[in-house]
Amino acid sequence: MRKWFAMVFLVLVGSTCWAQDAAPEPTAQHKILAKEVGQWEGVMKAYMDPNGPPMEMSVVETNVLLDGGLWLLSEFDAGPFKGRGQFGFDPDKKKFIGTWLDNQTTALSLMEGTYDEKTGELTYLSTVKNPATGADTPTKQISKFVNDNQREFVAYMQNADGKTWDKWMEISYKRKK
């Protein structure tokens with residue numbers, strides 16, 4: 001049964017690949033993501049208690065492009081907290097898209113985003129389980145290059161009022177030379 005399934009899978013996948021003239025070329029939006037390629041070191045501030053000081057820890061993020069330049073693959077390491085992301089651009093939706101998973105959650109996060117050329121901000125929206133309440137909660141993640149070797153990341157969680165956002169994490173990165 002497994003051999004039969006594998007053969008059918010290969011025929012279907014192979015015929016799809018052969019039917020295409022060529023792989024798609026990276027767009028201008030893919031090139032925005034490609035700027036993040038490299039190894040980045042930074043300091044993460046996590047705001048676990050809105051009335052208390054943030055918890056700080058060192059982070060290392062390593063980003064590579066999948067062959068073809070259409071997907072940015074991200075590996076995030078902050079000591080005991082580890083995560084992985086995949087980011088691209090969907091020309092049909094005209095949206096940046098991404099996934100995120102980490103060793104602190106049991107659900108895959110799906111993200112859609114936009115890029116503001118005026119501010120240079122790439123903003124992703126998603127929904128995650130709020131660790132404090134257990135409820136699915138909208139989030140907003142904003143990243144921005146300060147220069148070619150420095151970037152900032154800020155994550156917000158929407159309040160129950162559905163209008164305001166609380167910052168729950170920020171990271172200042174420097175490209176490792």
# chains A, B, ... in the order shown; residues from 1 in each chain; ligands from 1
$ residues_around --residues "stretch 156-171 of chain A" --least-positions-apart "3" --cutoff "10 Å" --atoms "only C-alpha atoms" --output "number ranges by chain"
A: 41-50, 54-59, 125-128, 130, 135, 137-143, 151-153, 174
$ write_last_selection --atoms "N, CA and C atoms" --output "CSV table (one decimal), in the first residue's frame"
chain,number,residue,atom,x,y,z
A,41,GLU,N,22.1,39.0,16.0
A,41,GLU,CA,22.2,38.9,17.5
A,41,GLU,C,21.4,40.0,18.1
A,42,GLY,N,20.7,39.8,19.2
A,42,GLY,CA,19.9,40.9,19.8
A,42,GLY,C,19.6,40.6,21.2
A,43,VAL,N,18.8,41.6,21.7
A,43,VAL,CA,18.3,41.5,23.1
A,43,VAL,C,16.7,41.6,22.9
A,44,MET,N,16.1,40.6,23.5
A,44,MET,CA,14.6,40.5,23.6
A,44,MET,C,14.1,41.0,24.9
A,45,LYS,N,13.1,41.8,24.9
A,45,LYS,CA,12.4,42.2,26.1
A,45,LYS,C,11.0,41.7,26.0
A,46,ALA,N,10.7,40.8,27.0
A,46,ALA,CA,9.3,40.3,27.1
A,46,ALA,C,8.6,40.9,28.2
A,47,TYR,N,7.4,41.5,27.9
A,47,TYR,CA,6.6,42.2,28.9
A,47,TYR,C,5.5,41.2,29.4
A,48,MET,N,5.9,40.4,30.4
A,48,MET,CA,5.0,39.4,30.9
A,48,MET,C,4.0,40.0,31.9
A,49,ASP,N,4.4,41.0,32.6
A,49,ASP,CA,3.5,41.7,33.6
A,49,ASP,C,3.5,43.2,33.2
A,50,PRO,N,2.4,43.7,32.8
A,50,PRO,CA,2.3,45.1,32.3
A,50,PRO,C,2.8,46.1,33.4
A,54,PRO,N,10.4,44.4,32.1
A,54,PRO,CA,10.4,43.3,31.1
A,54,PRO,C,11.5,42.3,31.5
A,55,MET,N,11.3,41.1,31.1
A,55,MET,CA,12.3,40.1,31.2
A,55,MET,C,13.2,40.2,29.9
A,56,GLU,N,14.5,40.2,30.1
A,56,GLU,CA,15.4,40.4,29.0
A,56,GLU,C,16.2,39.1,28.8
A,57,MET,N,16.5,38.8,27.5
A,57,MET,CA,17.4,37.7,27.2
A,57,MET,C,18.0,37.9,25.9
A,58,SER,N,19.2,37.3,25.7
A,58,SER,CA,19.9,37.4,24.4
A,58,SER,C,19.2,36.4,23.4
A,59,VAL,N,19.2,36.8,22.1
A,59,VAL,CA,18.7,36.0,21.1
A,59,VAL,C,19.6,35.9,19.9
A,125,LEU,N,-0.2,40.3,10.8
A,125,LEU,CA,-1.3,40.0,11.8
A,125,LEU,C,-1.5,38.5,11.9
A,126,SER,N,-1.8,38.1,13.1
A,126,SER,CA,-2.1,36.7,13.3
A,126,SER,C,-3.0,36.5,14.5
A,127,THR,N,-3.3,35.3,14.9
A,127,THR,CA,-4.1,35.0,16.1
A,127,THR,C,-3.3,33.9,16.9
A,128,VAL,N,-3.1,34.2,18.2
A,128,VAL,CA,-2.5,33.2,19.0
A,128,VAL,C,-3.3,33.0,20.3
A,130,ASN,N,-3.7,33.4,24.0
A,130,ASN,CA,-3.1,34.3,25.0
A,130,ASN,C,-2.8,33.4,26.2
A,135,ALA,N,-7.5,32.5,25.7
A,135,ALA,CA,-8.4,32.8,24.6
A,135,ALA,C,-7.5,33.1,23.3
A,137,THR,N,-6.3,35.3,20.5
A,137,THR,CA,-6.2,36.7,20.6
A,137,THR,C,-5.4,37.2,19.4
A,138,PRO,N,-5.9,38.3,18.7
A,138,PRO,CA,-5.2,38.9,17.6
A,138,PRO,C,-3.8,39.4,18.1
A,139,THR,N,-2.8,39.3,17.2
A,139,THR,CA,-1.5,39.8,17.4
A,139,THR,C,-1.1,40.6,16.2
A,140,LYS,N,-0.1,41.5,16.5
A,140,LYS,CA,0.4,42.3,15.4
A,140,LYS,C,1.9,42.3,15.7
A,141,GLN,N,2.7,42.0,14.6
A,141,GLN,CA,4.2,42.0,14.7
A,141,GLN,C,4.7,43.0,13.6
A,142,ILE,N,5.5,43.9,14.1
A,142,ILE,CA,6.1,44.9,13.2
A,142,ILE,C,7.6,44.8,13.2
A,143,SER,N,8.2,44.7,12.0
A,143,SER,CA,9.6,44.8,11.9
A,143,SER,C,10.0,45.9,10.9
A,151,ARG,N,18.0,46.1,12.9
A,151,ARG,CA,16.6,46.0,12.7
A,151,ARG,C,15.9,45.9,14.0
A,152,GLU,N,14.6,46.3,14.0
A,152,GLU,CA,13.8,46.3,15.2
A,152,GLU,C,12.6,45.5,15.0
A,153,PHE,N,12.1,44.8,16.0
A,153,PHE,CA,10.9,44.0,16.0
A,153,PHE,C,10.1,44.3,17.2
A,174,LYS,N,21.2,43.2,15.7
A,174,LYS,CA,22.4,43.7,15.0
A,174,LYS,C,22.9,42.5,14.2
$ residues_around --residues "stretch 113-117 of chain A" --least-positions-apart "5" --cutoff "6 Å" --atoms "only C-alpha atoms" --output "VMD selection string"
chain A and resid 95 to 96 122 to 124
$ residues_around --residues "A:Asp77" --least-positions-apart "4" --cutoff "9 Å" --atoms "only C-alpha atoms" --output "PyMOL selection string"
chain A and resi 58-62+81-84
$ select_by_dssp --residues "stretch 31-138 of chain A" --states "alpha helix (DSSP H)" --output "PyMOL selection string"
chain A and resi 31-34
$ closest_residue --among "A:Asp136, A:Asp21, A:Leu33, A:Ala78" --to "A:Gly98" --atoms "only C-alpha atoms"
A:Leu33
$ atom_distance --atom1 "atom CA of A:Val146" --atom2 "atom CA of A:Lys93"
27.8 Å
